[in-house]
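Participant: Take a look at entry_2.txt, compact mmCIF, C-alpha atoms:
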# COMPACT_ATOMS: atom_id res chain seq x y z
CA MET A 1 93.89 125.38 174.91
CA LYS A 2 91.16 123.39 176.59
CA ILE A 3 90.01 120.39 174.57
CA ARG A 4 86.26 120.10 174.77
CA LYS A 5 84.23 117.10 173.66
CA PRO A 6 81.63 117.72 170.95
CA LYS A 7 78.26 118.37 172.60
CA ASN A 8 74.89 117.18 171.39
CA ILE A 9 72.96 120.30 170.44
CA PHE A 10 69.72 118.63 169.43
CA ILE A 11 66.61 118.26 171.58
CA GLN A 12 63.51 116.32 170.49
CA GLY A 13 60.56 118.70 170.28
CA ALA A 14 60.28 122.14 171.81
CA ILE A 15 62.82 123.52 174.29
CA ALA A 16 61.00 123.93 177.59
CA PRO A 17 61.25 127.23 179.46
CA SER A 18 62.27 125.19 182.52
CA PHE A 19 65.32 123.92 180.57
CA ILE A 20 66.38 127.52 180.07
CA ALA A 21 65.84 128.33 183.74
CA ASP A 22 67.86 125.25 184.75
CA SER A 23 70.70 126.30 182.44
CA ILE A 24 70.85 129.65 184.18
CA GLN A 25 70.83 127.93 187.57
CA HIS A 26 73.71 125.65 186.57
CA HIS A 27 75.96 128.62 186.04
CA SER A 28 75.59 130.12 189.48
CA SER A 29 78.71 128.27 190.65
CA LYS A 30 80.82 129.85 187.90
CA THR A 31 81.45 133.01 189.80
CA GLN A 32 83.87 134.50 187.29
CA ILE A 33 80.83 135.15 185.06
CA GLY A 34 79.52 138.72 185.10
CA GLY A 35 77.17 138.63 182.13
CA HIS A 36 75.00 136.17 180.22
CA SER A 37 73.43 136.74 176.85
CA ILE A 38 70.52 134.56 175.82
CA PHE A 39 68.80 134.26 172.45
CA LEU A 40 65.61 132.29 172.08
CA GLY A 41 64.17 131.44 168.67
CA GLN A 42 60.42 130.90 168.79
CA VAL A 43 58.26 129.36 166.07
CA ARG A 44 56.30 132.23 164.59
CA SER A 45 52.84 131.77 163.17
CA ASP A 46 53.40 133.26 159.73
CA GLU A 47 50.47 133.72 157.42
CA ILE A 48 51.19 132.41 153.93
CA ASP A 49 48.52 132.47 151.20
CA GLY A 50 45.80 132.86 153.81
CA LYS A 51 47.03 129.90 155.89
CA GLN A 52 48.60 130.06 159.35
CA VAL A 53 51.79 128.19 160.23
CA ALA A 54 50.80 125.89 163.09
CA ALA A 55 54.21 124.26 163.66
CA ILE A 56 57.63 123.67 162.14
CA GLU A 57 59.07 120.18 161.83
CA TYR A 58 62.87 120.26 161.95
CA THR A 59 65.23 117.73 160.42
CA ALA A 60 69.02 117.83 160.19
CA TYR A 61 72.11 116.07 158.91
CA GLU A 62 72.85 115.45 162.55
CA GLU A 63 76.41 114.13 162.37
CA MET A 64 77.52 116.96 160.14
CA ALA A 65 75.68 119.55 162.21
CA GLN A 66 77.31 118.33 165.46
CA GLU A 67 80.78 118.50 163.89
CA LYS A 68 80.20 121.92 162.37
CA MET A 69 78.75 123.17 165.65
CA HIS A 70 81.83 121.97 167.51
CA GLU A 71 84.06 123.90 165.08
CA ILE A 72 81.99 127.06 165.46
CA ARG A 73 81.82 126.72 169.26
CA GLU A 74 85.56 126.40 169.64
CA ALA A 75 86.16 129.38 167.34
CA VAL A 76 83.65 131.65 169.07
CA ILE A 77 84.66 130.69 172.61
CA GLU A 78 88.24 131.50 171.77
CA LYS A 79 87.44 134.69 169.85
CA TYR A 80 85.49 136.21 172.75
CA SER A 81 87.26 134.45 175.64
CA LEU A 82 83.90 133.18 176.86
CA THR A 83 83.56 131.39 180.16
CA CYS A 84 80.82 129.23 178.70
CA MET A 85 78.53 128.73 175.74
CA HIS A 86 75.54 126.47 175.15
CA VAL A 87 73.56 126.04 171.98
CA HIS A 88 70.49 123.87 171.54
CA HIS A 89 68.20 123.33 168.55
CA SER A 90 64.98 121.37 168.31
CA LEU A 91 64.39 118.40 166.04
CA GLY A 92 60.94 117.15 165.18
CA LYS A 93 57.75 119.13 165.57
CA VAL A 94 57.67 122.43 167.46
CA ASN A 95 54.36 124.30 167.68
CA ALA A 96 53.95 128.00 167.01
CA GLY A 97 54.78 129.87 170.21
CA GLU A 98 57.27 127.28 171.41
CA ILE A 99 61.04 127.66 171.58
CA CYS A 100 63.11 125.86 168.93
CA PHE A 101 66.54 127.50 169.31
CA PHE A 102 68.52 128.49 172.40
CA VAL A 103 71.90 130.22 172.51
CA PHE A 104 73.42 131.04 175.88
CA THR A 105 76.80 132.75 176.23
CA SER A 106 78.59 133.75 179.42
CA SER A 107 81.65 135.88 180.10
CA PRO A 108 83.22 137.96 182.85
CA HIS A 109 82.05 141.18 181.16
CA ARG A 110 78.88 141.78 179.19
CA LYS A 111 80.19 142.91 175.80
CA ALA A 112 81.84 139.58 174.96
CA ALA A 113 78.71 137.62 175.88
CA THR A 114 76.39 139.86 173.82
CA GLU A 115 78.59 139.93 170.75
CA ALA A 116 79.31 136.20 170.90
CA CYS A 117 75.61 135.41 171.23
CA ASN A 118 74.76 137.53 168.18
CA GLU A 119 77.51 135.92 166.16
CA MET A 120 76.43 132.41 167.19
CA VAL A 121 72.83 133.02 166.14
CA GLU A 122 73.93 134.18 162.68
CA ARG A 123 76.45 131.38 162.25
CA VAL A 124 73.97 128.65 163.24
CA LYS A 125 71.44 129.99 160.75
CA ALA A 126 74.04 130.18 157.99
CA GLU A 127 76.17 127.11 158.58
CA LEU A 128 74.28 124.25 160.20
CA PRO A 129 72.58 121.67 157.96
CA ILE A 130 69.11 121.99 159.49
CA TRP A 131 65.81 122.16 157.56
CA GLY A 132 62.27 123.05 158.56
CA LYS A 133 58.89 122.08 157.18
CA GLU A 134 56.29 124.76 157.95
CA LEU A 135 53.11 122.85 158.79
CA PHE A 136 49.83 124.67 158.21
CA GLU A 137 46.61 124.20 160.12
CA ASP A 138 45.11 122.23 157.22
CA GLU A 139 48.07 119.78 157.34
CA SER A 140 49.61 121.05 154.11
CA TYR A 141 53.18 122.32 154.36
CA GLN A 142 55.97 124.23 152.68
CA TRP A 143 59.72 124.18 153.22
CA LYS A 144 61.14 127.04 155.27
CA VAL A 145 63.62 129.39 153.64
CA ASN A 146 65.94 131.47 155.84
CA GLN A 147 65.97 135.20 155.14
CA MET B 1 82.52 100.09 144.89
CA SER B 2 79.48 101.73 146.40
CA VAL B 3 78.60 105.14 147.76
CA THR B 4 75.76 106.12 150.11
CA VAL B 5 73.74 109.14 149.03
CA LEU B 6 71.70 111.09 151.60
CA PHE B 7 68.81 113.42 150.73
CA PHE B 8 67.60 116.19 153.03
CA GLY B 9 64.85 118.77 153.32
CA PRO B 10 62.80 119.40 150.17
CA LEU B 11 64.93 116.91 148.22
CA VAL B 12 63.22 114.10 150.15
CA ASP B 13 59.98 115.25 148.48
CA VAL B 14 61.68 115.09 145.08
CA THR B 15 63.14 111.59 145.43
CA GLY B 16 60.70 110.05 147.89
CA ILE B 17 63.61 108.56 149.83
CA ARG B 18 66.25 109.64 152.37
CA THR B 19 69.04 107.22 151.44
CA LEU B 20 70.26 105.56 148.28
CA ILE B 21 73.23 103.29 147.57
CA LEU B 22 74.88 103.96 144.22
CA GLN B 23 77.31 101.57 142.55
CA GLN B 24 79.96 102.41 139.97
CA VAL B 25 80.22 106.10 140.68
CA THR B 26 83.77 107.37 140.82
CA ASP B 27 83.38 111.10 141.30
CA THR B 28 80.80 113.72 142.22
CA ASP B 29 80.15 114.79 138.61
CA SER B 30 79.14 111.27 137.63
CA LEU B 31 77.14 110.99 140.85
CA ARG B 32 75.18 114.11 139.87
CA GLN B 33 74.64 112.73 136.36
CA GLN B 34 73.27 109.46 137.71
CA LEU B 35 70.98 111.24 140.17
CA HIS B 36 69.72 113.69 137.55
CA ALA B 37 68.92 110.81 135.21
CA ARG B 38 67.00 109.02 137.96
CA TYR B 39 65.29 112.16 139.35
CA PRO B 40 65.03 114.82 136.63
CA THR B 41 63.49 117.33 139.07
CA LEU B 42 66.91 117.47 140.76
CA ILE B 43 68.37 119.18 137.70
CA ASN B 44 66.87 122.53 138.69
CA ALA B 45 66.99 121.99 142.44
CA GLN B 46 69.35 124.05 144.57
CA TYR B 47 71.76 122.04 146.70
CA LEU B 48 75.37 121.66 147.78
CA LEU B 49 77.19 118.34 147.95
CA ALA B 50 78.99 117.19 151.09
CA VAL B 51 81.40 114.27 150.80
CA ASP B 52 81.92 112.70 154.22
CA LYS B 53 80.43 115.84 155.78
CA GLN B 54 82.76 118.25 153.93
CA ILE B 55 81.14 120.57 151.42
CA THR B 56 82.70 120.30 148.00
CA LYS B 57 81.91 122.58 145.08
CA GLU B 58 84.23 121.04 142.52
CA ASN B 59 84.35 117.60 141.00
CA THR B 60 85.69 115.30 143.72
CA ALA B 61 86.86 111.70 143.41
CA LEU B 62 84.88 109.27 145.54
CA LYS B 63 86.18 106.31 147.52
CA ASP B 64 84.38 103.10 148.36
CA ASN B 65 81.85 103.47 151.22
CA GLU B 66 81.92 107.23 151.23
CA THR B 67 78.76 109.17 152.03
CA VAL B 68 77.60 112.00 149.81
CA ALA B 69 74.84 114.27 151.10
CA LEU B 70 72.70 116.60 149.00
CA LEU B 71 72.13 119.72 151.10
CA PRO B 72 69.43 122.19 150.03
CA PRO B 73 69.60 125.74 151.47
CA TYR B 74 69.65 125.60 155.30
CA ALA B 75 66.68 126.77 157.33
CA GLY B 76 67.70 126.30 160.96
CA GLY B 77 68.11 128.72 163.83
When written as structure tokens, how does the structure in this file appear?
Facilitator:
Amino acid sequence: MKIRKPKNIFIQGAIAPSFIADSIQHHSSKTQIGGHSIFLGQVRSDEIDGKQVAAIEYTAYEEMAQEKMHEIREAVIEKYSLTCMHVHHSLGKVNAGEICFFVFTSSPHRKAATEACNEMVERVKAELPIWGKELFEDESYQWKVNQ
Amino acid sequence: MSVTVLFFGPLVDVTGIRTLILQQVTDTDSLRQQLHARYPTLINAQYLLAVDKQITKENTALKDNETVALLPPYAGG
């Protein structure tokens, strides 16, 4: 089994659309890939008690999150025989409308990529020690709770 | 013997700090007791403990220089 080094999943601030485009470009040499599945999490402007969420500020127990992510990556890559998988999550402030979470799975055939991507999204939400402060337009905030 | 305690998410609002060094704490039950005495709002707060990045739900003995993190419910992804 291939031994992969733990990857850094965190990016300061929003994930730029160009980063996503570049990731796609970087895979064009891996010609055994037939399908990619991509999930993008975007900061939504929820209305809470008459106030709009303007941004989310993310913090994490980074060391623990990187280790946990490595465990989950290895398990999911093996389970679905993926050619490749990339996961990135923002730290710091991300404005409403910007991308804060990026999962990108690739496999020879589409079903593995789609199912792996879905599983990764759920596992990241459930298992990574990441927290978010929802910042309102008036500079007050509340802590995000995952549904 | 000392242990580093890390606070995350809403718990930083409760304690006002991100890191604390505790002396004379030999297991996670006594760590909780000390923290609850210092920060009574923690008593009703929801969190899991991770000792050296491993979540532990039962009383766990602590070694010198270990790190214990208080992890409120996750909100990433």
Participant: Please return, as JSON, numbers by chain, all residues of chain A lying within 6 Å of chain B when only C-alpha atoms are considered.
Facilitator: {"A": [64, 101, 124, 125, 129, 130, 131, 132, 144, 145, 146]}
Participant: Kindly export the residues of the current selection with C-alpha atoms, as a PDB file, keeping the file's coordinate frame.
Facilitator:
ATOM      1  CA  MET A  64      77.520 116.960 160.140  1.00  0.00           C
ATOM      2  CA  PHE A 101      66.540 127.500 169.310  1.00  0.00           C
ATOM      3  CA  VAL A 124      73.970 128.650 163.240  1.00  0.00           C
ATOM      4  CA  LYS A 125      71.440 129.990 160.750  1.00  0.00           C
ATOM      5  CA  PRO A 129      72.580 121.670 157.960  1.00  0.00           C
ATOM      6  CA  ILE A 130      69.110 121.990 159.490  1.00  0.00           C
ATOM      7  CA  TRP A 131      65.810 122.160 157.560  1.00  0.00           C
ATOM      8  CA  GLY A 132      62.270 123.050 158.560  1.00  0.00           C
ATOM      9  CA  LYS A 144      61.140 127.040 155.270  1.00  0.00           C
ATOM     10  CA  VAL A 145      63.620 129.390 153.640  1.00  0.00           C
ATOM     11  CA  ASN A 146      65.940 131.470 155.840  1.00  0.00           C
TER      12      ASN A 146
END
Participant: What are the centre and edge lengths in Å, to one decimal, of the axis-aligned box around all listed atoms of stretch 42-50 of chain B with 5 Å added on each side, as AutoDock Vina command-line options?
Facilitator:
--center_x 72.9 --center_y 120.6 --center_z 144.4 --size_x 22.1 --size_y 16.9 --size_z 23.4
Participant: I'd like the neighbourhood of A:Gln12 as a PyMOL selection string, where a residue qualifies if any of its atoms comes within 7 Å (using all atoms listed in the file), though same-chain residues fewer than 2 positions away should be ignored.
Facilitator: chain A and resi 10+14+90-92
Participant: So that I can check the surroundings of stretch 112-122 of chain A, please list as a list of chain:residue names every protein, DNA and RNA residue that reaches within 6 Å of it, counting only C-alpha atoms and ignoring chain neighbours fewer than 6 positions away.
Facilitator: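 In the requested format, the answer is A:His36, A:Ser37, A:Tyr80, A:Thr105, A:Ser106.
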Participant: What does the distance from atom CA of A:Ser107 to atom CA of A:Gly13 come to in Å, to one decimal?
Facilitator: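 Result for atom CA of A:Ser107 versus atom CA of A:Gly13: 28.9 Å, one decimal.
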Participant: Tell me which of B:Ser2, B:Asn65, B:Asn59, B:Thr15 sits closest to B:Arg32, counting all atoms listed in the file.
Facilitator: B:Asn59
Participant: Given all atoms listed in the file as the basis, pick out the residue of B:Glu58, B:Val3, B:Gln33, B:Gln46 nearest to B:Thr19.
Facilitator: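 Of B:Glu58, B:Val3, B:Gln33, B:Gln46, the one nearest B:Thr19 is B:Val3, counting all atoms listed in the file.
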Participant: Mind pulling up the distance from atom CA of B:Asp27 to atom CA of B:Ala61?
Facilitator: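 Result for atom CA of B:Ala61 versus atom CA of B:Asp27: 4.1 Å, one decimal.
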Participant: Expressed in Å to a single decimal, how great is the separation between atom CA of A:Glu62 and atom CA of A:Leu128?
Facilitator: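 Taking atom CA of A:Glu62 and atom CA of A:Leu128, their separation equals 9.2 Å.
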Participant: Using all atoms listed in the file for the distances, tell me which of A:Lys51, A:Phe104, A:Ala60, A:Thr31 is nearest to A:Ile77.
Facilitator: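 Going through A:Lys51, A:Phe104, A:Ala60, A:Thr31 one by one, the smallest distance to A:Ile77 is for A:Phe104.
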Participant: Since the input lacks some atoms of stretch 50-61 of chain A, please model all heavy atoms and print them as a compact mmCIF listing (two decimals), in the coordinates of the input.
Facilitator:
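Contents of the output file selection.txt:
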# COMPACT_ATOMS: atom_id res chain seq x y z
N GLY A 50 47.03 133.01 153.01
CA GLY A 50 45.80 132.86 153.81
C GLY A 50 45.82 131.72 154.81
O GLY A 50 44.83 131.46 155.49
N LYS A 51 46.95 131.00 154.92
CA LYS A 51 47.03 129.90 155.89
C LYS A 51 48.03 130.26 156.99
O LYS A 51 49.04 130.91 156.72
CB LYS A 51 47.48 128.62 155.19
CG LYS A 51 46.46 128.12 154.14
CD LYS A 51 46.79 126.74 153.64
CE LYS A 51 48.01 126.73 152.72
NZ LYS A 51 48.13 125.42 152.01
N GLN A 52 47.71 129.79 158.21
CA GLN A 52 48.60 130.06 159.35
C GLN A 52 49.56 128.89 159.56
O GLN A 52 49.14 127.73 159.50
CB GLN A 52 47.79 130.20 160.65
CG GLN A 52 46.86 131.39 160.71
CD GLN A 52 47.60 132.70 160.86
OE1 GLN A 52 47.39 133.64 160.11
NE2 GLN A 52 48.48 132.78 161.84
N VAL A 53 50.83 129.24 159.85
CA VAL A 53 51.79 128.19 160.23
C VAL A 53 51.44 127.72 161.64
O VAL A 53 51.39 128.53 162.57
CB VAL A 53 53.24 128.72 160.18
CG1 VAL A 53 54.21 127.68 160.74
CG2 VAL A 53 53.63 129.10 158.76
N ALA A 54 51.18 126.44 161.78
CA ALA A 54 50.80 125.89 163.09
C ALA A 54 52.02 125.32 163.82
O ALA A 54 52.06 125.25 165.05
CB ALA A 54 49.77 124.78 162.90
N ALA A 55 53.03 124.89 163.05
CA ALA A 55 54.21 124.26 163.66
C ALA A 55 55.31 124.20 162.60
O ALA A 55 55.04 124.37 161.41
CB ALA A 55 53.88 122.84 164.12
N ILE A 56 56.54 123.97 163.07
CA ILE A 56 57.63 123.67 162.14
C ILE A 56 58.20 122.32 162.56
O ILE A 56 58.37 122.05 163.76
CB ILE A 56 58.74 124.74 162.18
CG1 ILE A 56 58.19 126.09 161.72
CG2 ILE A 56 59.92 124.32 161.28
CD1 ILE A 56 59.22 127.21 161.71
N GLU A 57 58.45 121.48 161.57
CA GLU A 57 59.07 120.18 161.83
C GLU A 57 60.51 120.27 161.35
O GLU A 57 60.75 120.47 160.15
CB GLU A 57 58.31 119.11 161.06
CG GLU A 57 58.70 117.71 161.43
CD GLU A 57 57.83 116.71 160.68
OE1 GLU A 57 58.04 116.56 159.46
OE2 GLU A 57 56.94 116.11 161.30
N TYR A 58 61.45 120.12 162.29
CA TYR A 58 62.87 120.26 161.95
C TYR A 58 63.53 118.92 161.71
O TYR A 58 63.29 117.95 162.43
CB TYR A 58 63.60 120.97 163.10
CG TYR A 58 63.31 122.44 163.19
CD1 TYR A 58 62.45 122.95 164.17
CD2 TYR A 58 63.88 123.34 162.28
CE1 TYR A 58 62.19 124.32 164.24
CE2 TYR A 58 63.61 124.70 162.34
CZ TYR A 58 62.76 125.18 163.32
OH TYR A 58 62.50 126.53 163.39
N THR A 59 64.37 118.88 160.68
CA THR A 59 65.23 117.73 160.42
C THR A 59 66.64 118.26 160.22
O THR A 59 66.83 119.45 160.00
CB THR A 59 64.80 116.96 159.15
OG1 THR A 59 64.63 117.90 158.08
CG2 THR A 59 63.49 116.22 159.36
N ALA A 60 67.62 117.38 160.32
CA ALA A 60 69.02 117.83 160.19
C ALA A 60 69.90 116.68 159.72
O ALA A 60 69.55 115.51 159.90
CB ALA A 60 69.52 118.33 161.54
N TYR A 61 71.03 117.04 159.15
CA TYR A 61 72.11 116.07 158.91
C TYR A 61 72.88 116.11 160.23
O TYR A 61 73.83 116.88 160.39
CB TYR A 61 72.94 116.52 157.72
CG TYR A 61 74.02 115.53 157.27
CD1 TYR A 61 74.20 114.29 157.88
CD2 TYR A 61 74.85 115.87 156.21
CE1 TYR A 61 75.19 113.41 157.42
CE2 TYR A 61 75.83 114.99 155.74
CZ TYR A 61 76.00 113.77 156.36
OH TYR A 61 76.97 112.90 155.91
